[in-house]
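Here's start-v1.tsv, which has TSV, C-alpha atoms:
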chain	number	residue	atom	x	y	z
A	7	MET	CA	55.87	167.87	93.18
A	8	THR	CA	59.43	168.14	91.80
A	9	GLU	CA	59.70	167.96	88.02
A	10	ALA	CA	60.02	164.30	87.05
A	11	HIS	CA	62.40	164.81	84.13
A	12	LEU	CA	64.67	167.28	82.34
A	13	PRO	CA	64.33	168.72	78.84
A	14	LEU	CA	65.95	166.35	76.34
A	15	PRO	CA	69.24	168.30	75.84
A	16	LEU	CA	69.81	168.51	79.60
A	17	ALA	CA	68.84	164.86	80.07
A	18	LYS	CA	71.42	163.88	77.44
A	19	ARG	CA	74.06	166.00	79.19
A	20	ALA	CA	73.28	164.36	82.53
A	21	ALA	CA	73.48	160.88	80.97
A	22	LEU	CA	76.83	161.76	79.39
A	23	ILE	CA	78.32	162.98	82.68
A	24	LEU	CA	77.08	159.86	84.45
A	25	ALA	CA	78.55	157.74	81.66
A	26	ILE	CA	82.00	159.37	81.81
A	27	SER	CA	82.19	159.18	85.61
A	28	GLY	CA	80.93	155.61	85.52
A	29	ALA	CA	83.48	154.64	82.87
A	30	LEU	CA	86.29	155.47	85.30
A	31	ALA	CA	84.75	154.29	88.56
A	32	GLY	CA	83.36	151.16	86.89
A	33	ALA	CA	86.89	149.84	86.52
A	34	ALA	CA	86.48	148.71	90.14
A	35	GLY	CA	84.25	145.87	89.02
A	36	ALA	CA	86.63	144.56	86.36
A	37	ILE	CA	89.68	144.87	88.62
A	38	SER	CA	87.94	143.22	91.58
A	39	THR	CA	86.47	140.40	89.50
A	40	GLY	CA	89.61	139.73	87.53
A	41	MET	CA	92.06	139.87	90.43
A	42	SER	CA	90.36	139.08	93.73
A	43	GLY	CA	90.18	135.34	93.16
A	44	LEU	CA	93.84	135.23	92.16
A	45	ILE	CA	94.77	137.36	95.18
A	46	GLY	CA	92.84	134.89	97.32
A	47	LEU	CA	94.86	132.02	95.89
A	48	GLU	CA	98.07	133.87	96.71
A	49	LEU	CA	97.12	134.82	100.27
A	50	LEU	CA	95.40	131.57	101.33
A	51	PRO	CA	97.02	128.22	102.10
A	52	PRO	CA	96.29	125.47	99.54
A	53	ASP	CA	93.72	123.71	101.72
A	54	GLN	CA	91.59	126.90	101.80
A	55	HIS	CA	91.58	127.69	98.08
A	56	GLY	CA	87.84	127.02	97.96
A	57	LEU	CA	87.48	130.42	99.68
A	58	ALA	CA	89.52	132.24	97.05
A	59	THR	CA	86.45	133.94	95.56
A	60	ALA	CA	85.27	135.19	98.97
A	61	PRO	CA	86.64	138.73	98.29
A	62	ILE	CA	84.53	138.90	95.11
A	63	THR	CA	81.54	137.84	97.16
A	64	ALA	CA	82.43	140.48	99.75
A	65	PHE	CA	82.44	143.08	96.96
A	66	ILE	CA	78.91	142.09	95.97
A	67	VAL	CA	77.73	141.78	99.58
A	68	GLY	CA	78.94	145.33	100.15
A	69	ALA	CA	76.82	146.48	97.22
A	70	ALA	CA	73.79	144.63	98.59
A	71	LEU	CA	74.17	145.96	102.13
A	72	ALA	CA	74.64	149.53	100.91
A	73	SER	CA	71.87	149.50	98.31
A	74	ILE	CA	69.06	150.63	100.62
A	75	PRO	CA	71.14	153.16	102.62
A	76	ALA	CA	72.51	154.58	99.34
A	77	ALA	CA	69.04	155.13	97.91
A	78	LEU	CA	67.72	156.64	101.15
A	79	LEU	CA	70.75	158.92	101.47
A	80	MET	CA	70.27	160.22	97.96
A	81	GLN	CA	66.59	160.80	98.61
A	82	ARG	CA	67.66	163.11	101.46
A	83	VAL	CA	70.70	164.87	100.00
A	84	GLY	CA	70.25	164.45	96.24
A	85	ARG	CA	71.84	162.30	93.58
A	86	ARG	CA	75.03	164.32	93.07
A	87	ALA	CA	75.97	164.50	96.77
A	88	GLY	CA	75.25	160.79	97.16
A	89	PHE	CA	77.34	159.88	94.13
A	90	LEU	CA	80.25	162.00	95.39
A	91	PHE	CA	80.12	160.22	98.74
A	92	GLY	CA	80.17	156.84	97.00
A	93	LEU	CA	83.17	157.76	94.83
A	94	LEU	CA	85.20	159.05	97.76
A	95	LEU	CA	84.33	155.87	99.68
A	96	GLY	CA	85.60	153.90	96.69
A	97	ALA	CA	88.87	155.83	96.67
A	98	ALA	CA	89.40	155.12	100.37
A	99	ALA	CA	88.52	151.43	99.97
A	100	SER	CA	90.87	151.02	97.00
A	101	SER	CA	93.82	152.43	98.88
A	102	ALA	CA	92.97	150.23	101.87
A	103	ALA	CA	92.87	147.17	99.58
A	104	ALA	CA	96.40	147.94	98.38
A	105	ALA	CA	97.55	148.22	102.00
A	106	ALA	CA	95.92	144.87	102.86
A	107	ILE	CA	97.75	143.15	99.99
A	108	LEU	CA	101.03	144.65	101.15
A	109	ALA	CA	100.30	143.29	104.64
A	110	GLU	CA	99.47	139.86	103.12
A	111	SER	CA	96.18	139.78	105.03
A	112	PHE	CA	93.38	137.89	103.29
A	113	LEU	CA	90.88	138.96	105.97
A	114	ALA	CA	91.74	142.64	105.67
A	115	PHE	CA	91.58	142.47	101.88
A	116	THR	CA	88.15	140.82	102.05
A	117	ILE	CA	86.89	143.56	104.39
A	118	THR	CA	88.11	146.29	102.03
A	119	MET	CA	86.17	144.59	99.25
A	120	VAL	CA	82.99	145.08	101.29
A	121	ALA	CA	83.69	148.83	101.38
A	122	LEU	CA	84.57	148.92	97.68
A	123	GLY	CA	81.34	147.09	96.90
A	124	ALA	CA	79.41	149.58	99.02
A	125	SER	CA	80.76	152.36	96.83
A	126	GLY	CA	79.54	150.33	93.88
A	127	ALA	CA	75.98	150.52	95.23
A	128	PHE	CA	76.09	154.25	94.49
A	129	ILE	CA	77.61	153.71	91.05
A	130	GLN	CA	74.90	151.18	90.17
A	131	GLN	CA	72.34	153.94	90.78
A	132	TYR	CA	73.73	155.91	87.83
A	133	ARG	CA	71.39	154.09	85.45
A	134	PHE	CA	68.35	155.04	87.53
A	135	ALA	CA	69.51	158.66	87.78
A	136	ALA	CA	69.79	158.85	83.99
A	137	ALA	CA	66.41	157.19	83.46
A	138	ASP	CA	64.57	159.30	86.06
A	139	ALA	CA	65.99	162.51	84.56
A	140	ALA	CA	64.78	161.59	81.05
A	141	GLU	CA	61.43	161.91	79.40
A	142	PRO	CA	59.74	158.54	78.70
A	143	ALA	CA	60.88	158.32	75.07
A	144	PHE	CA	64.54	158.67	76.10
A	145	LYS	CA	64.55	156.42	79.19
A	146	ALA	CA	65.81	153.22	77.58
A	147	GLN	CA	68.48	155.08	75.64
A	148	ALA	CA	69.56	157.00	78.77
A	149	ILE	CA	70.11	153.68	80.56
A	150	SER	CA	72.02	152.39	77.53
A	151	TRP	CA	74.24	155.47	77.43
A	152	VAL	CA	75.28	154.97	81.04
A	153	LEU	CA	75.94	151.28	80.61
A	154	ALA	CA	77.75	151.86	77.31
A	155	ALA	CA	80.49	153.56	79.32
A	156	GLY	CA	81.29	150.12	80.66
A	157	VAL	CA	83.15	149.52	77.39
A	158	ILE	CA	85.80	151.93	78.66
A	159	SER	CA	85.74	150.26	82.08
A	160	GLY	CA	86.16	146.94	80.34
A	161	VAL	CA	89.38	148.14	78.74
A	162	ILE	CA	90.74	150.16	81.66
A	163	GLY	CA	90.11	147.59	84.40
A	164	PRO	CA	91.86	144.52	82.94
A	165	GLN	CA	94.69	146.60	81.45
A	166	VAL	CA	95.32	148.17	84.85
A	167	ALA	CA	95.22	144.68	86.38
A	168	ILE	CA	97.80	143.42	83.88
A	169	ASN	CA	100.14	146.40	83.71
A	170	ALA	CA	100.11	148.19	87.09
A	171	GLY	CA	102.26	145.70	88.96
A	172	TRP	CA	105.37	147.82	88.42
A	173	LEU	CA	104.12	150.37	90.97
A	174	LEU	CA	104.93	147.98	93.83
A	175	PRO	CA	107.36	145.29	92.65
A	176	SER	CA	107.30	143.63	96.08
A	177	ALA	CA	103.50	143.23	95.87
A	178	PRO	CA	102.51	143.62	92.20
A	179	MET	CA	98.85	142.80	92.81
A	180	ALA	CA	98.52	145.93	94.97
A	181	GLY	CA	99.42	148.24	92.07
A	182	PRO	CA	96.03	148.12	90.32
A	183	PHE	CA	94.24	149.26	93.47
A	184	ILE	CA	96.50	152.31	93.71
A	185	ILE	CA	95.54	153.25	90.14
A	186	LEU	CA	91.89	152.59	91.00
A	187	THR	CA	92.14	155.12	93.84
A	188	LEU	CA	93.17	157.79	91.33
A	189	LEU	CA	90.37	156.80	88.93
A	190	MET	CA	87.79	157.22	91.69
A	191	ILE	CA	89.09	160.70	92.51
A	192	VAL	CA	88.92	161.80	88.86
A	193	ALA	CA	85.40	160.36	88.57
A	194	ALA	CA	84.37	162.43	91.60
A	195	ALA	CA	85.72	165.60	89.97
A	196	ILE	CA	83.61	164.90	86.88
A	197	MET	CA	80.54	164.20	89.02
A	198	LEU	CA	80.68	167.77	90.37
A	199	ARG	CA	79.16	168.90	87.04
A	200	LEU	CA	76.07	166.67	87.29
A	201	VAL	CA	72.67	168.39	87.27
A	202	VAL	CA	69.55	166.23	87.67
A	203	PRO	CA	66.09	166.91	89.14
A	204	ALA	CA	65.97	167.18	92.92
A	205	PRO	CA	64.38	164.21	94.70
A	206	ALA	CA	60.67	164.42	95.43
A	207	PRO	CA	60.15	166.02	98.87
A	208	VAL	CA	59.77	163.67	101.82
A	209	VAL	CA	56.35	164.51	103.27
A	210	LEU	CA	53.83	162.56	105.33
A	211	GLY	CA	51.58	160.59	103.02
A	212	GLY	CA	53.53	161.70	99.96
A	213	GLN	CA	55.43	158.51	99.23
A	214	GLY	CA	52.98	157.00	96.78
A	215	ARG	CA	51.60	153.48	96.93
A	216	PRO	CA	52.68	151.02	99.62
A	217	LEU	CA	55.77	149.11	98.54
A	218	HIS	CA	54.11	145.71	98.75
A	219	GLN	CA	51.39	146.87	96.37
A	220	ILE	CA	54.01	147.64	93.73
A	221	VAL	CA	56.20	144.62	94.39
A	222	LEU	CA	53.47	141.99	94.20
A	223	THR	CA	52.35	142.91	90.68
A	224	PRO	CA	53.26	140.36	87.98
A	225	LYS	CA	55.02	143.05	85.91
A	226	PHE	CA	57.34	143.96	88.76
A	227	LEU	CA	58.09	140.34	89.65
A	228	VAL	CA	59.00	139.50	86.04
A	229	ALA	CA	61.23	142.59	85.77
A	230	LEU	CA	62.95	141.77	89.07
A	231	LEU	CA	63.38	138.09	88.14
A	232	SER	CA	64.89	139.03	84.78
A	233	ALA	CA	67.39	141.42	86.36
A	234	VAL	CA	68.33	139.05	89.19
A	235	ALA	CA	68.65	135.94	87.03
A	236	SER	CA	70.70	137.61	84.30
A	237	PHE	CA	73.08	139.29	86.76
A	238	SER	CA	73.49	136.29	89.07
A	239	LEU	CA	74.13	133.83	86.22
A	240	MET	CA	76.66	136.22	84.74
A	241	SER	CA	78.37	136.59	88.12
A	242	LEU	CA	78.38	132.84	88.76
A	243	VAL	CA	80.19	132.09	85.50
A	244	MET	CA	82.40	135.18	85.34
A	245	THR	CA	83.68	134.79	88.91
A	246	ALA	CA	84.73	131.20	88.26
A	247	THR	CA	86.35	131.84	84.89
A	248	PRO	CA	89.80	133.18	85.92
A	249	LEU	CA	90.21	130.31	88.38
A	250	ALA	CA	88.96	127.75	85.85
A	251	MET	CA	91.34	129.04	83.18
A	252	VAL	CA	94.36	128.94	85.49
A	253	GLY	CA	93.23	125.50	86.66
A	254	HIS	CA	93.21	124.32	83.03
A	255	HIS	CA	96.80	125.54	82.60
A	256	HIS	CA	96.10	128.85	80.86
A	257	SER	CA	98.09	131.94	81.83
A	258	VAL	CA	96.98	134.72	84.16
A	259	THR	CA	97.24	137.13	81.21
A	260	ASP	CA	94.86	134.95	79.18
A	261	SER	CA	92.40	134.95	82.08
A	262	GLN	CA	92.59	138.75	82.44
A	263	LEU	CA	92.07	139.23	78.71
A	264	ALA	CA	89.06	136.92	78.91
A	265	ILE	CA	87.59	139.19	81.57
A	266	GLN	CA	88.44	142.24	79.46
A	267	TRP	CA	86.58	140.95	76.41
A	268	HIS	CA	83.74	139.80	78.61
A	269	VAL	CA	83.33	143.25	80.16
A	270	ILE	CA	83.53	144.90	76.73
A	271	ALA	CA	80.84	142.50	75.51
A	272	MET	CA	78.73	143.38	78.55
A	273	PHE	CA	78.66	147.06	77.65
A	274	LEU	CA	79.46	147.57	73.95
A	275	PRO	CA	75.95	146.54	72.80
A	276	SER	CA	74.57	149.37	74.95
A	277	PHE	CA	75.08	151.71	71.99
A	278	ILE	CA	72.20	149.94	70.25
A	279	THR	CA	70.28	148.17	73.04
A	280	GLY	CA	68.05	151.18	73.75
A	281	LYS	CA	67.13	151.44	70.08
A	282	LEU	CA	66.45	147.70	69.92
A	283	ILE	CA	64.11	148.05	72.91
A	284	ASP	CA	62.29	150.94	71.22
A	285	ARG	CA	61.86	148.89	68.05
A	286	PHE	CA	61.17	145.36	69.29
A	287	GLY	CA	60.00	145.88	72.88
A	288	LYS	CA	61.52	145.20	76.27
A	289	GLY	CA	60.33	141.61	76.59
A	290	THR	CA	61.74	140.57	73.22
A	291	VAL	CA	65.16	142.01	74.02
A	292	VAL	CA	65.19	140.31	77.45
A	293	ILE	CA	64.32	136.97	75.83
A	294	ALA	CA	67.15	137.43	73.32
A	295	GLY	CA	69.49	138.11	76.23
A	296	PHE	CA	68.60	134.89	78.02
A	297	LEU	CA	69.01	132.87	74.82
A	298	LEU	CA	72.53	134.27	74.46
A	299	ILE	CA	73.31	133.38	78.09
A	300	ALA	CA	72.20	129.81	77.35
A	301	ALA	CA	74.36	129.81	74.22
A	302	ALA	CA	77.34	130.88	76.34
A	303	ALA	CA	76.85	127.88	78.60
A	304	GLY	CA	76.57	125.64	75.56
A	305	VAL	CA	79.91	126.87	74.18
A	306	ALA	CA	81.59	126.44	77.57
A	307	LEU	CA	80.41	122.83	77.66
A	308	THR	CA	82.23	122.04	74.38
A	309	GLY	CA	85.73	122.32	75.86
A	310	THR	CA	88.25	124.19	77.99
A	311	GLY	CA	90.49	125.80	75.40
A	312	VAL	CA	91.15	129.54	75.40
A	313	ALA	CA	88.80	129.95	72.42
A	314	GLN	CA	85.92	128.31	74.28
A	315	PHE	CA	86.46	130.41	77.41
A	316	TRP	CA	86.67	133.66	75.46
A	317	THR	CA	83.70	132.90	73.18
A	318	ALA	CA	81.54	131.83	76.11
A	319	LEU	CA	82.35	134.99	78.07
A	320	ILE	CA	81.63	137.24	75.08
A	321	LEU	CA	78.22	135.61	74.55
A	322	LEU	CA	77.57	135.83	78.29
A	323	GLY	CA	78.39	139.54	78.27
A	324	VAL	CA	76.07	140.39	75.36
A	325	GLY	CA	73.30	138.26	76.86
A	326	TRP	CA	73.62	140.04	80.19
A	327	ASN	CA	73.46	143.41	78.43
A	328	PHE	CA	70.20	142.66	76.61
A	329	ALA	CA	68.51	141.00	79.59
A	330	PHE	CA	69.66	143.47	82.24
A	331	ILE	CA	68.98	146.69	80.31
A	332	GLY	CA	65.61	145.35	79.21
A	333	ALA	CA	64.73	144.41	82.78
A	334	THR	CA	65.83	147.82	84.09
A	335	ALA	CA	63.71	149.55	81.45
A	336	MET	CA	60.76	147.38	82.52
A	337	LEU	CA	61.27	148.43	86.12
A	338	THR	CA	61.43	152.18	85.43
A	339	ASP	CA	57.95	152.01	83.87
A	340	LEU	CA	56.40	150.67	87.07
A	341	TYR	CA	56.82	153.46	89.64
A	342	ARG	CA	55.91	157.10	90.05
A	343	PRO	CA	58.56	159.79	90.80
A	344	GLU	CA	57.73	159.85	94.50
A	345	GLU	CA	58.05	156.04	94.64
A	346	ALA	CA	61.39	155.86	92.80
A	347	PHE	CA	63.88	155.60	95.65
A	348	LYS	CA	62.10	152.93	97.68
A	349	VAL	CA	61.45	150.75	94.63
A	350	GLN	CA	65.01	151.13	93.39
A	351	ALA	CA	66.40	150.40	96.85
A	352	LEU	CA	64.43	147.16	97.13
A	353	ASN	CA	65.39	146.12	93.61
A	354	GLU	CA	69.10	146.68	94.27
A	355	PHE	CA	69.01	144.93	97.65
A	356	VAL	CA	67.39	141.80	96.21
A	357	LEU	CA	69.54	141.94	93.10
A	358	PHE	CA	72.91	142.13	94.81
A	359	GLY	CA	71.86	139.83	97.62
A	360	VAL	CA	71.22	137.03	95.12
A	361	VAL	CA	74.30	137.93	93.08
A	362	ALA	CA	76.39	137.66	96.26
A	363	VAL	CA	75.09	134.13	96.83
A	364	ALA	CA	75.95	133.25	93.22
A	365	SER	CA	79.44	134.68	93.58
A	366	LEU	CA	80.09	132.90	96.88
A	367	SER	CA	78.84	129.63	95.43
A	368	SER	CA	81.07	129.99	92.39
A	369	GLY	CA	84.40	129.17	94.03
A	370	GLY	CA	83.00	126.26	96.03
A	371	LEU	CA	81.17	124.81	93.01
A	372	LEU	CA	84.27	125.07	90.88
A	373	ALA	CA	86.41	123.37	93.53
A	374	SER	CA	83.90	120.60	94.30
A	375	ALA	CA	81.97	120.00	91.08
A	376	GLY	CA	83.99	121.60	88.29
A	377	TRP	CA	83.55	124.02	85.40
A	378	THR	CA	81.09	121.78	83.57
A	379	THR	CA	78.61	121.73	86.46
A	380	ILE	CA	78.64	125.54	86.74
A	381	ASN	CA	77.57	125.86	83.12
A	382	ILE	CA	74.95	123.10	83.34
A	383	ILE	CA	73.29	125.02	86.20
A	384	VAL	CA	72.74	127.98	83.86
A	385	LEU	CA	70.39	126.13	81.51
A	386	PRO	CA	67.36	125.30	83.72
A	387	ILE	CA	67.39	128.78	85.27
A	388	VAL	CA	67.28	130.35	81.80
A	389	ALA	CA	64.43	128.02	80.86
A	390	VAL	CA	62.35	129.09	83.87
A	391	CYS	CA	62.93	132.77	83.06
A	392	LEU	CA	61.91	132.32	79.43
A	393	VAL	CA	58.69	130.56	80.44
A	394	LEU	CA	57.72	133.29	82.91
A	395	ILE	CA	58.54	136.14	80.52
A	396	GLY	CA	56.54	134.41	77.79
A	397	TRP	CA	53.63	133.86	80.19
A	398	ARG	CA	53.66	137.52	81.17
A	399	ALA	CA	53.73	138.66	77.53
A	400	LEU	CA	50.85	136.36	76.67
A	401	SER	CA	48.82	137.61	79.64
A	402	ALA	CA	49.43	141.21	78.59
A	403	ARG	CA	48.22	140.51	75.05
A	404	ARG	CA	45.08	138.84	76.31
A	405	ALA	CA	44.38	141.76	78.61
A	406	ALA	CA	44.88	144.19	75.74
What's the structure tokens form of this structure?
Amino acid sequence: MTEAHLPLPLAKRAALILAISGALAGAAGAISTGMSGLIGLELLPPDQHGLATAPITAFIVGAALASIPAALLMQRVGRRAGFLFGLLLGAAASSAAAAAILAESFLAFTITMVALGASGAFIQQYRFAAADAAEPAFKAQAISWVLAAGVISGVIGPQVAINAGWLLPSAPMAGPFIILTLLMIVAAAIMLRLVVPAPAPVVLGGQGRPLHQIVLTPKFLVALLSAVASFSLMSLVMTATPLAMVGHHHSVTDSQLAIQWHVIAMFLPSFITGKLIDRFGKGTVVIAGFLLIAAAAGVALTGTGVAQFWTALILLGVGWNFAFIGATAMLTDLYRPEEAFKVQALNEFVLFGVVAVASLSSGGLLASAGWTTINIIVLPIVAVCLVLIGWRALSARRAA
């Protein structure tokens, strides 16, 4: 069987390369989230503004649809070749998005977001590549290293969204996607230096346990629920925020800065999250994450000033970081090397499928029920997650 992990110095080097490439390519998420809803408002007639967040949903749907093919492709050709394909797809999709904005076609822009999201399915696999290359003691920190690069994405993405309009004065919202094309190309050049273990060989009977046997274990279900709930709640609130802020008479710049600080908050804690997991345990960190997500909703319910929006999004970002990294670390403990790709593919498909539903619901909920309702929805979902995580922890202690 192929070696399951690299020596620690090489594993750190691989995590660093993945982090740097991801820092550049990850700007796609911040740019798409911060701008797509506003682009939808500009391209759609007023009576169709409830569909303004459809391009964001298309971005997430693309990630969901590509999650299984991306994992299977990388199982065949290796991580590096798969990541290079995803980055070049992202470059092509970004340039096509700029062209769609120039053509003032909402449909074409939405379709390009599907392709850009599909490239994101490869980028989301960076955290698994770092974890699978690392020895067990470094897994949580390897995941944290990769996600910590999102701090750079969180600065680059919104700043590009705010400042790149000068590239095309006739269609200023197309400028950021031109810059994103260049970022994807540079990220691909960096990815050429990646060295990680080759995938386990595909042989008859060599794929480990049946997938259903892994999936139906309580540990897997709790890990999957934690990842899905944290990501979908974050997406639900984050997608609605720029539209809610503009709707409450705040400026587009204020809304973009809110997304910037939110994305920074999503990834900045990654510098310590791995160490917190090592010290306090995965379940404890996930619980802390969900409590912060609930606190974000509580702040949002106190008012609609800029301070409330920004504070809520910062709390939401930190909560997502703790819950999502903890859930990912839980997941990587539950499969063998030869089972990695199929388990990861299923996890990503379910994850981004649910996140897509949350994103699509966001614009309609905001238009029909308002900002308050979106944040009220967060609370019972967090409560259910906390109960199930607590039940699982109690069951594990009894078994021990």
Compile the contact shell of range 110-127 of chain A as a short mmCIF file (atom, residue, chain, number, x, y, z; two decimals) with C-alpha atoms, in the frame of the given file: residues with an atom at most 6 Å away, counting only C-alpha atoms, same-chain residues fewer than 2 positions apart removed.
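This went into selection.cif:
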data_model
loop_
_atom_site.label_atom_id
_atom_site.label_comp_id
_atom_site.auth_asym_id
_atom_site.auth_seq_id
_atom_site.Cartn_x
_atom_site.Cartn_y
_atom_site.Cartn_z
CA LEU A 49 97.12 134.82 100.27
CA PRO A 61 86.64 138.73 98.29
CA ALA A 64 82.43 140.48 99.75
CA PHE A 65 82.44 143.08 96.96
CA ILE A 66 78.91 142.09 95.97
CA GLY A 68 78.94 145.33 100.15
CA ALA A 69 76.82 146.48 97.22
CA ALA A 72 74.64 149.53 100.91
CA SER A 73 71.87 149.50 98.31
CA GLY A 92 80.17 156.84 97.00
CA LEU A 95 84.33 155.87 99.68
CA GLY A 96 85.60 153.90 96.69
CA ALA A 99 88.52 151.43 99.97
CA ALA A 103 92.87 147.17 99.58
CA ALA A 106 95.92 144.87 102.86
CA ILE A 107 97.75 143.15 99.99
CA LEU A 108 101.03 144.65 101.15
CA ILE A 129 77.61 153.71 91.05
CA GLN A 130 74.90 151.18 90.17
#
Fill in: Closest of A:Lys18, A:His11, A:His268, A:Arg133 to Val324 in chain A - atom-to-atom distances counting all atoms listed in the file
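Of the candidates, the smallest distance to Val324 in chain A is held by A:His268.
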Worksheet entry | From A:Gly181, A:Gly84, A:Gly309, A:Gly376, residue lying nearest Ala135 in chain A [all atoms listed in the file] | A:Gly84
Discussion item. Let me make sure I understand: among A:Gly369, A:Pro203, A:Gly28, A:Pro182, which one has the smallest atom-to-atom distance to Gln81 in chain A if we use only C-alpha atoms?
Written reply: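 Distance minimum relative to Gln81 in chain A lands on A:Pro203.
Atom to atom, CA of Val152 in chain A and CA of Ser276 in chain A stand 8.3 Å apart.
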Discussion item. For range 246-248 of chain A, find every residue with an atom within 7 Å (counting only C-alpha atoms), except residues of its own chain fewer than 5 positions away, and show them as a PyMOL selection string.
Written reply: chain A and resi 40+261+368-369+372
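Shortest atom-to-atom contact with Trp151 in chain A among A:Ala318, A:Leu71, A:Ile331, A:Val291: A:Ile331, counting only C-alpha atoms.
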Worksheet item: Residues at most 12 Å from His55 in chain A, counting all atoms listed in the file, excluding those fewer than 2 positions away in the same chain, as a list of chain:residue names?
Response: A:Gly43, A:Leu44, A:Ile45, A:Gly46, A:Leu47, A:Glu48, A:Leu49, A:Leu50, A:Pro51, A:Pro52, A:Asp53, A:Leu57, A:Ala58, A:Thr59, A:Ala60, A:Phe112, A:Leu249, A:Gly253, A:Gly369, A:Gly370, A:Leu371, A:Leu372, A:Ala373, A:Ser374
Point (63.6, 161.4, 77.7) neighbourhood (8 Å, all atoms listed in the file) written as a CSV table (one decimal) with C-alpha atoms, in the frame of the given file:
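As a result, result.csv now contains:
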chain,number,residue,atom,x,y,z
A,11,HIS,CA,62.4,164.8,84.1
A,12,LEU,CA,64.7,167.3,82.3
A,13,PRO,CA,64.3,168.7,78.8
A,14,LEU,CA,66.0,166.4,76.3
A,17,ALA,CA,68.8,164.9,80.1
A,137,ALA,CA,66.4,157.2,83.5
A,139,ALA,CA,66.0,162.5,84.6
A,140,ALA,CA,64.8,161.6,81.0
A,141,GLU,CA,61.4,161.9,79.4
A,142,PRO,CA,59.7,158.5,78.7
A,143,ALA,CA,60.9,158.3,75.1
A,144,PHE,CA,64.5,158.7,76.1
A,145,LYS,CA,64.6,156.4,79.2
A,148,ALA,CA,69.6,157.0,78.8
Discussion item. At a cut-off of 10 Å, using all atoms listed in the file, what residues contact Asn169 in chain A? Leave out same-chain residues fewer than 3 positions from it and give the result as a ChimeraX atom specification.
Written reply: /A:164-166,172-173,178-179,181-182
Missing atoms of range 212-226 of chain A rebuilt to N, CA and C atoms, written as a PDB file, in the frame of the given file:
ATOM      1  N   GLY A 212      53.165 161.338 101.314  1.00  0.00           N
ATOM      2  CA  GLY A 212      53.530 161.700  99.960  1.00  0.00           C
ATOM      3  C   GLY A 212      54.465 160.712  99.291  1.00  0.00           C
ATOM      4  N   GLN A 213      54.494 159.489  99.759  1.00  0.00           N
ATOM      5  CA  GLN A 213      55.430 158.510  99.230  1.00  0.00           C
ATOM      6  C   GLN A 213      54.798 157.525  98.269  1.00  0.00           C
ATOM      7  N   GLY A 214      53.599 157.856  97.788  1.00  0.00           N
ATOM      8  CA  GLY A 214      52.980 157.000  96.780  1.00  0.00           C
ATOM      9  C   GLY A 214      52.378 155.747  97.368  1.00  0.00           C
ATOM     10  N   ARG A 215      52.237 154.735  96.529  1.00  0.00           N
ATOM     11  CA  ARG A 215      51.600 153.480  96.930  1.00  0.00           C
ATOM     12  C   ARG A 215      52.483 152.708  97.911  1.00  0.00           C
ATOM     13  N   PRO A 216      51.868 151.890  98.748  1.00  0.00           N
ATOM     14  CA  PRO A 216      52.680 151.020  99.620  1.00  0.00           C
ATOM     15  C   PRO A 216      53.593 150.133  98.781  1.00  0.00           C
ATOM     16  N   LEU A 217      54.773 149.859  99.312  1.00  0.00           N
ATOM     17  CA  LEU A 217      55.770 149.110  98.540  1.00  0.00           C
ATOM     18  C   LEU A 217      55.261 147.729  98.146  1.00  0.00           C
ATOM     19  N   HIS A 218      54.568 147.061  99.069  1.00  0.00           N
ATOM     20  CA  HIS A 218      54.110 145.710  98.750  1.00  0.00           C
ATOM     21  C   HIS A 218      53.113 145.711  97.598  1.00  0.00           C
ATOM     22  N   GLN A 219      52.357 146.785  97.454  1.00  0.00           N
ATOM     23  CA  GLN A 219      51.390 146.870  96.370  1.00  0.00           C
ATOM     24  C   GLN A 219      52.081 146.923  95.013  1.00  0.00           C
ATOM     25  N   ILE A 220      53.229 147.567  94.973  1.00  0.00           N
ATOM     26  CA  ILE A 220      54.010 147.640  93.730  1.00  0.00           C
ATOM     27  C   ILE A 220      54.722 146.320  93.471  1.00  0.00           C
ATOM     28  N   VAL A 221      55.342 145.789  94.525  1.00  0.00           N
ATOM     29  CA  VAL A 221      56.200 144.620  94.390  1.00  0.00           C
ATOM     30  C   VAL A 221      55.431 143.374  93.968  1.00  0.00           C
ATOM     31  N   LEU A 222      54.219 143.222  94.435  1.00  0.00           N
ATOM     32  CA  LEU A 222      53.470 141.990  94.200  1.00  0.00           C
ATOM     33  C   LEU A 222      52.730 141.958  92.863  1.00  0.00           C
ATOM     34  N   THR A 223      52.953 142.951  92.015  1.00  0.00           N
ATOM     35  CA  THR A 223      52.350 142.910  90.680  1.00  0.00           C
ATOM     36  C   THR A 223      53.165 141.992  89.776  1.00  0.00           C
ATOM     37  N   PRO A 224      52.510 141.250  88.880  1.00  0.00           N
ATOM     38  CA  PRO A 224      53.260 140.360  87.980  1.00  0.00           C
ATOM     39  C   PRO A 224      54.318 141.086  87.154  1.00  0.00           C
ATOM     40  N   LYS A 225      54.042 142.307  86.709  1.00  0.00           N
ATOM     41  CA  LYS A 225      55.020 143.050  85.910  1.00  0.00           C
ATOM     42  C   LYS A 225      56.301 143.296  86.686  1.00  0.00           C
ATOM     43  N   PHE A 226      56.151 143.690  87.950  1.00  0.00           N
ATOM     44  CA  PHE A 226      57.340 143.960  88.760  1.00  0.00           C
ATOM     45  C   PHE A 226      58.107 142.667  89.012  1.00  0.00           C
TER      46      PHE A 226
END
